[in-house]
>>> print(open('final02.pdb').read())   # PDB, C-alpha atoms
MODEL        1
ATOM      1  CA  MET U   1       5.309  -6.675  10.410  1.00  0.00           C
ATOM      2  CA  THR U   2       8.716  -6.208   8.801  1.00  0.00           C
ATOM      3  CA  GLN U   3       9.207  -7.836   5.429  1.00  0.00           C
ATOM      4  CA  GLN U   4      12.363  -9.963   5.228  1.00  0.00           C
ATOM      5  CA  ALA U   5      14.763  -9.217   2.418  1.00  0.00           C
ATOM      6  CA  ILE U   6      15.273 -11.675  -0.399  1.00  0.00           C
ATOM      7  CA  GLU U   7      18.924 -12.219  -1.322  1.00  0.00           C
ATOM      8  CA  ARG U   8      19.806 -13.736  -4.706  1.00  0.00           C
ATOM      9  CA  LYS U   9      23.246 -15.001  -5.725  1.00  0.00           C
ATOM     10  CA  HIS U  10      24.582 -16.065  -9.109  1.00  0.00           C
ATOM     11  CA  THR U  11      21.534 -14.615 -10.833  1.00  0.00           C
ATOM     12  CA  GLY U  12      21.052 -14.941 -14.553  1.00  0.00           C
ATOM     13  CA  ALA U  13      18.196 -14.286 -16.927  1.00  0.00           C
ATOM     14  CA  ARG U  14      16.283 -17.438 -15.931  1.00  0.00           C
ATOM     15  CA  MET U  15      17.293 -18.251 -12.371  1.00  0.00           C
ATOM     16  CA  SER U  16      19.398 -17.608  -9.321  1.00  0.00           C
ATOM     17  CA  ARG U  17      21.591 -20.458  -8.092  1.00  0.00           C
ATOM     18  CA  ILE U  18      20.945 -19.414  -4.466  1.00  0.00           C
ATOM     19  CA  VAL U  19      17.974 -17.552  -3.009  1.00  0.00           C
ATOM     20  CA  LYS U  20      17.883 -16.710   0.702  1.00  0.00           C
ATOM     21  CA  HIS U  21      14.750 -15.502   2.427  1.00  0.00           C
ATOM     22  CA  GLY U  22      15.031 -15.116   6.158  1.00  0.00           C
ATOM     23  CA  PRO U  23      16.481 -18.294   7.652  1.00  0.00           C
ATOM     24  CA  THR U  24      15.769 -20.395   4.532  1.00  0.00           C
ATOM     25  CA  VAL U  25      18.030 -21.167   1.563  1.00  0.00           C
ATOM     26  CA  TYR U  26      16.705 -22.366  -1.799  1.00  0.00           C
ATOM     27  CA  LEU U  27      19.048 -23.883  -4.392  1.00  0.00           C
ATOM     28  CA  CYS U  28      18.130 -24.150  -8.044  1.00  0.00           C
ATOM     29  CA  GLY U  29      18.471 -27.526  -9.703  1.00  0.00           C
ATOM     30  CA  GLN U  30      22.044 -28.807  -9.638  1.00  0.00           C
ATOM     31  CA  VAL U  31      23.585 -31.208 -12.134  1.00  0.00           C
ATOM     32  CA  CYS U  32      27.060 -32.656 -12.656  1.00  0.00           C
ATOM     33  CA  ASP U  33      29.934 -30.986 -14.507  1.00  0.00           C
ATOM     34  CA  ASP U  34      30.794 -34.082 -16.577  1.00  0.00           C
ATOM     35  CA  ALA U  35      27.661 -35.344 -18.289  1.00  0.00           C
ATOM     36  CA  SER U  36      29.614 -38.196 -19.901  1.00  0.00           C
ATOM     37  CA  ALA U  37      30.137 -39.772 -16.456  1.00  0.00           C
ATOM     38  CA  ASP U  38      28.060 -42.638 -15.067  1.00  0.00           C
ATOM     39  CA  ILE U  39      25.277 -42.142 -12.517  1.00  0.00           C
ATOM     40  CA  THR U  40      27.620 -42.596  -9.555  1.00  0.00           C
ATOM     41  CA  ALA U  41      30.051 -39.903 -10.690  1.00  0.00           C
ATOM     42  CA  GLN U  42      27.238 -37.581 -11.804  1.00  0.00           C
ATOM     43  CA  THR U  43      25.591 -37.888  -8.385  1.00  0.00           C
ATOM     44  CA  GLN U  44      28.899 -37.266  -6.573  1.00  0.00           C
ATOM     45  CA  GLN U  45      29.617 -34.168  -8.680  1.00  0.00           C
ATOM     46  CA  MET U  46      26.083 -32.856  -8.212  1.00  0.00           C
ATOM     47  CA  LEU U  47      26.214 -33.271  -4.422  1.00  0.00           C
ATOM     48  CA  ALA U  48      29.635 -31.582  -4.280  1.00  0.00           C
ATOM     49  CA  LYS U  49      27.999 -28.550  -5.928  1.00  0.00           C
ATOM     50  CA  VAL U  50      25.213 -28.652  -3.344  1.00  0.00           C
ATOM     51  CA  ASP U  51      27.831 -28.684  -0.559  1.00  0.00           C
ATOM     52  CA  SER U  52      29.592 -25.674  -2.055  1.00  0.00           C
ATOM     53  CA  LEU U  53      26.408 -23.644  -2.577  1.00  0.00           C
ATOM     54  CA  LEU U  54      25.058 -24.459   0.879  1.00  0.00           C
ATOM     55  CA  GLU U  55      28.349 -23.362   2.440  1.00  0.00           C
ATOM     56  CA  GLU U  56      28.273 -20.121   0.457  1.00  0.00           C
ATOM     57  CA  ALA U  57      24.716 -19.528   1.668  1.00  0.00           C
ATOM     58  CA  GLY U  58      25.599 -20.142   5.333  1.00  0.00           C
ATOM     59  CA  SER U  59      24.109 -23.618   5.532  1.00  0.00           C
ATOM     60  CA  SER U  60      25.186 -27.252   5.230  1.00  0.00           C
ATOM     61  CA  ARG U  61      23.853 -30.694   4.404  1.00  0.00           C
ATOM     62  CA  GLU U  62      23.033 -31.144   8.109  1.00  0.00           C
ATOM     63  CA  HIS U  63      20.554 -28.267   7.715  1.00  0.00           C
ATOM     64  CA  MET U  64      18.712 -29.561   4.617  1.00  0.00           C
ATOM     65  CA  LEU U  65      14.960 -29.419   4.994  1.00  0.00           C
ATOM     66  CA  SER U  66      13.873 -30.835   1.650  1.00  0.00           C
ATOM     67  CA  ALA U  67      15.398 -32.355  -1.472  1.00  0.00           C
ATOM     68  CA  THR U  68      13.779 -33.199  -4.784  1.00  0.00           C
ATOM     69  CA  ILE U  69      15.816 -35.554  -6.949  1.00  0.00           C
ATOM     70  CA  TYR U  70      15.135 -36.171 -10.621  1.00  0.00           C
ATOM     71  CA  VAL U  71      16.639 -39.236 -12.335  1.00  0.00           C
ATOM     72  CA  SER U  72      16.415 -39.847 -16.058  1.00  0.00           C
ATOM     73  CA  SER U  73      15.844 -43.565 -15.414  1.00  0.00           C
ATOM     74  CA  MET U  74      14.626 -45.404 -12.331  1.00  0.00           C
ATOM     75  CA  GLY U  75      17.141 -48.039 -13.410  1.00  0.00           C
ATOM     76  CA  ASP U  76      19.731 -45.700 -11.823  1.00  0.00           C
ATOM     77  CA  PHE U  77      17.779 -45.309  -8.567  1.00  0.00           C
ATOM     78  CA  ALA U  78      19.832 -47.782  -6.491  1.00  0.00           C
ATOM     79  CA  ALA U  79      23.209 -46.429  -7.678  1.00  0.00           C
ATOM     80  CA  MET U  80      22.127 -42.830  -7.033  1.00  0.00           C
ATOM     81  CA  ASN U  81      20.832 -43.799  -3.587  1.00  0.00           C
ATOM     82  CA  ALA U  82      24.154 -45.467  -2.706  1.00  0.00           C
ATOM     83  CA  VAL U  83      25.924 -42.125  -3.209  1.00  0.00           C
ATOM     84  CA  TRP U  84      23.103 -40.185  -1.503  1.00  0.00           C
ATOM     85  CA  ASP U  85      23.073 -42.487   1.535  1.00  0.00           C
ATOM     86  CA  ALA U  86      26.836 -42.060   2.025  1.00  0.00           C
ATOM     87  CA  TRP U  87      26.546 -38.263   1.647  1.00  0.00           C
ATOM     88  CA  VAL U  88      23.619 -37.507   3.976  1.00  0.00           C
ATOM     89  CA  PRO U  89      24.785 -37.261   7.600  1.00  0.00           C
ATOM     90  CA  GLU U  90      23.165 -39.871   9.820  1.00  0.00           C
ATOM     91  CA  GLY U  91      20.125 -38.457  11.572  1.00  0.00           C
ATOM     92  CA  HIS U  92      19.895 -35.477   9.191  1.00  0.00           C
ATOM     93  CA  ALA U  93      17.927 -36.879   6.254  1.00  0.00           C
ATOM     94  CA  PRO U  94      15.676 -34.204   4.736  1.00  0.00           C
ATOM     95  CA  ALA U  95      12.154 -34.679   3.479  1.00  0.00           C
ATOM     96  CA  ARG U  96      12.764 -36.087   0.007  1.00  0.00           C
ATOM     97  CA  ALA U  97      11.061 -36.941  -3.240  1.00  0.00           C
ATOM     98  CA  CYS U  98      12.636 -38.746  -6.179  1.00  0.00           C
ATOM     99  CA  VAL U  99      10.983 -38.926  -9.578  1.00  0.00           C
ATOM    100  CA  GLU U 100      11.888 -40.099 -13.054  1.00  0.00           C
ATOM    101  CA  ALA U 101      11.999 -37.167 -15.448  1.00  0.00           C
ATOM    102  CA  ALA U 102      13.317 -36.127 -18.838  1.00  0.00           C
ATOM    103  CA  MET U 103      16.381 -33.931 -18.374  1.00  0.00           C
ATOM    104  CA  ALA U 104      17.213 -30.667 -20.123  1.00  0.00           C
ATOM    105  CA  ARG U 105      20.102 -32.491 -21.857  1.00  0.00           C
ATOM    106  CA  PRO U 106      19.747 -36.205 -22.677  1.00  0.00           C
ATOM    107  CA  GLU U 107      23.199 -37.123 -21.288  1.00  0.00           C
ATOM    108  CA  LEU U 108      22.278 -35.886 -17.792  1.00  0.00           C
ATOM    109  CA  LYS U 109      21.228 -38.680 -15.457  1.00  0.00           C
ATOM    110  CA  VAL U 110      20.381 -36.821 -12.221  1.00  0.00           C
ATOM    111  CA  GLU U 111      19.411 -33.381 -10.913  1.00  0.00           C
ATOM    112  CA  ILE U 112      18.566 -32.128  -7.440  1.00  0.00           C
ATOM    113  CA  SER U 113      16.987 -29.067  -5.906  1.00  0.00           C
ATOM    114  CA  VAL U 114      17.423 -28.369  -2.191  1.00  0.00           C
ATOM    115  CA  ILE U 115      15.834 -26.233   0.507  1.00  0.00           C
ATOM    116  CA  ALA U 116      17.827 -25.761   3.693  1.00  0.00           C
ATOM    117  CA  ALA U 117      17.856 -23.740   6.895  1.00  0.00           C
ATOM    118  CA  VAL U 118      20.626 -21.250   7.580  1.00  0.00           C
ATOM    119  CA  LYS U 119      22.992 -22.431  10.335  1.00  0.00           C
TER     120      LYS U 119
ENDMDL
END
>>> encode(input="final02.pdb", output="structure tokens")
Amino acid sequence: MTQQAIERKHTGARMSRIVKHGPTVYLCGQVCDDASADITAQTQQMLAKVDSLLEEAGSSREHMLSATIYVSSMGDFAAMNAVWDAWVPEGHAPARACVEAAMARPELKVEISVIAAVK
């Protein structure tokens, strides 16, 4: 059996932003660029980063397999979901979990990690 190569992109000391193994793409947790923004803008910025990284990895939101979303407050759940629902292509919703969690920086309201198939 041939072992498939692991490809890492944007690798730093603690993580790689993209890891590809065979036909699967793993994205590290993504957050917004402007942490002073409200939950709607933070979610939009975060999902734009996901789009960009998936494209770079040869995938797309239509090929998402799984998403784990972390919100700093479940009070923001409905507003985050409004952005999410508009972003996910109809019929292509991934398996998903959403949990309330403390963020690495207190001003961050949302973070996501994604697993997707290569196109």
>>> resolve_selection(input="final02.pdb", expression="the PyMOL selection byres ((chain U and resi 36) around 12)", output="list in words")
Cys32, Asp33, Asp34, Ala35, Ala37, Asp38, Ile39, Thr40, Ala41, Gln42, Gln45, Arg105, Pro106, Glu107, Leu108 and Lys109 of chain U
>>> closest_residue(input="final02.pdb", among="U:Ala104, U:Met15, U:Ala5, U:Val110", to="Phe77 (chain U)", atoms="all atoms listed in the file")
U:Val110
>>> closest_residue(input="final02.pdb", among="U:Ser60, U:Gln3, U:Thr43, U:Thr11", to="Gln30 (chain U)", atoms="all atoms listed in the file")
U:Thr43
>>> atom_distance(input="final02.pdb", atom1="CA of Val71 (chain U)", atom2="CA of Cys28 (chain U)")
15.8 Å
>>> atom_distance(input="final02.pdb", atom1="CA of His10 (chain U)", atom2="CA of Asn81 (chain U)")
28.5 Å
>>> closest_residue(input="final02.pdb", among="U:Glu62, U:Ser72, U:Ala117, U:Thr24", to="Glu90 (chain U)", atoms="only C-alpha atoms")
U:Glu62
>>> atom_distance(input="final02.pdb", atom1="CA of Met64 (chain U)", atom2="CA of Met103 (chain U)")
23.5 Å
>>> resolve_selection(input="final02.pdb", expression="the PyMOL selection byres ((chain U and resi 55) around 12)", output="ChimeraX atom specification")
/U:18,25,27,48-54,56-64,116-119
>>> axis_aligned_box(input="final02.pdb", around="region 81-94 of chain U", padding_each_side="5 Å", output="AutoDock Vina command-line options")
--center_x 21.3 --center_y -39.8 --center_z 4.0 --size_x 21.2 --size_y 21.3 --size_z 25.2
>>> resolve_selection(input="final02.pdb", expression="the PyMOL selection byres ((chain U and resi 4) around 12)", output="VMD selection string")
chain U and resid 1 to 3 5 to 7 20 to 24
>>> decode(input="final02.pdb", residues="region 63-79 of chain U", atoms="N, CA and C atoms", output="PDB file, in the first residue's frame")
ATOM      1  N   HIS U  63     -17.734  21.607  -1.379  1.00  0.00           N
ATOM      2  CA  HIS U  63     -17.051  20.347  -1.075  1.00  0.00           C
ATOM      3  C   HIS U  63     -16.741  20.182   0.416  1.00  0.00           C
ATOM      4  N   MET U  64     -17.294  21.066   1.271  1.00  0.00           N
ATOM      5  CA  MET U  64     -17.073  20.931   2.709  1.00  0.00           C
ATOM      6  C   MET U  64     -17.683  19.636   3.219  1.00  0.00           C
ATOM      7  N   LEU U  65     -16.947  18.947   4.044  1.00  0.00           N
ATOM      8  CA  LEU U  65     -17.427  17.727   4.672  1.00  0.00           C
ATOM      9  C   LEU U  65     -17.887  17.985   6.100  1.00  0.00           C
ATOM     10  N   SER U  66     -17.131  18.834   6.804  1.00  0.00           N
ATOM     11  CA  SER U  66     -17.391  19.075   8.213  1.00  0.00           C
ATOM     12  C   SER U  66     -16.951  20.487   8.590  1.00  0.00           C
ATOM     13  N   ALA U  67     -17.694  21.094   9.493  1.00  0.00           N
ATOM     14  CA  ALA U  67     -17.317  22.402  10.034  1.00  0.00           C
ATOM     15  C   ALA U  67     -17.581  22.394  11.536  1.00  0.00           C
ATOM     16  N   THR U  68     -16.637  22.935  12.282  1.00  0.00           N
ATOM     17  CA  THR U  68     -16.824  23.131  13.711  1.00  0.00           C
ATOM     18  C   THR U  68     -16.727  24.625  13.964  1.00  0.00           C
ATOM     19  N   ILE U  69     -17.785  25.185  14.511  1.00  0.00           N
ATOM     20  CA  ILE U  69     -17.864  26.627  14.751  1.00  0.00           C
ATOM     21  C   ILE U  69     -17.850  26.859  16.258  1.00  0.00           C
ATOM     22  N   TYR U  70     -17.042  27.827  16.662  1.00  0.00           N
ATOM     23  CA  TYR U  70     -16.934  28.212  18.061  1.00  0.00           C
ATOM     24  C   TYR U  70     -17.434  29.654  18.171  1.00  0.00           C
ATOM     25  N   VAL U  71     -18.382  29.911  19.039  1.00  0.00           N
ATOM     26  CA  VAL U  71     -18.850  31.277  19.294  1.00  0.00           C
ATOM     27  C   VAL U  71     -18.543  31.612  20.752  1.00  0.00           C
ATOM     28  N   SER U  72     -18.182  32.858  20.988  1.00  0.00           N
ATOM     29  CA  SER U  72     -17.854  33.249  22.361  1.00  0.00           C
ATOM     30  C   SER U  72     -19.104  33.378  23.223  1.00  0.00           C
ATOM     31  N   SER U  73     -20.266  33.553  22.569  1.00  0.00           N
ATOM     32  CA  SER U  73     -21.532  33.649  23.300  1.00  0.00           C
ATOM     33  C   SER U  73     -22.653  33.071  22.441  1.00  0.00           C
ATOM     34  N   MET U  74     -23.442  32.196  23.014  1.00  0.00           N
ATOM     35  CA  MET U  74     -24.594  31.658  22.287  1.00  0.00           C
ATOM     36  C   MET U  74     -25.626  32.752  22.009  1.00  0.00           C
ATOM     37  N   GLY U  75     -25.461  33.905  22.631  1.00  0.00           N
ATOM     38  CA  GLY U  75     -26.304  35.052  22.313  1.00  0.00           C
ATOM     39  C   GLY U  75     -26.098  35.519  20.873  1.00  0.00           C
ATOM     40  N   ASP U  76     -24.949  35.156  20.282  1.00  0.00           N
ATOM     41  CA  ASP U  76     -24.637  35.515  18.891  1.00  0.00           C
ATOM     42  C   ASP U  76     -24.987  34.406  17.900  1.00  0.00           C
ATOM     43  N   PHE U  77     -25.553  33.310  18.397  1.00  0.00           N
ATOM     44  CA  PHE U  77     -25.823  32.142  17.557  1.00  0.00           C
ATOM     45  C   PHE U  77     -26.717  32.473  16.359  1.00  0.00           C
ATOM     46  N   ALA U  78     -27.813  33.157  16.569  1.00  0.00           N
ATOM     47  CA  ALA U  78     -28.753  33.464  15.482  1.00  0.00           C
ATOM     48  C   ALA U  78     -28.117  34.378  14.434  1.00  0.00           C
ATOM     49  N   ALA U  79     -27.381  35.395  14.867  1.00  0.00           N
ATOM     50  CA  ALA U  79     -26.742  36.320  13.918  1.00  0.00           C
ATOM     51  C   ALA U  79     -25.652  35.616  13.120  1.00  0.00           C
TER      52      ALA U  79
END
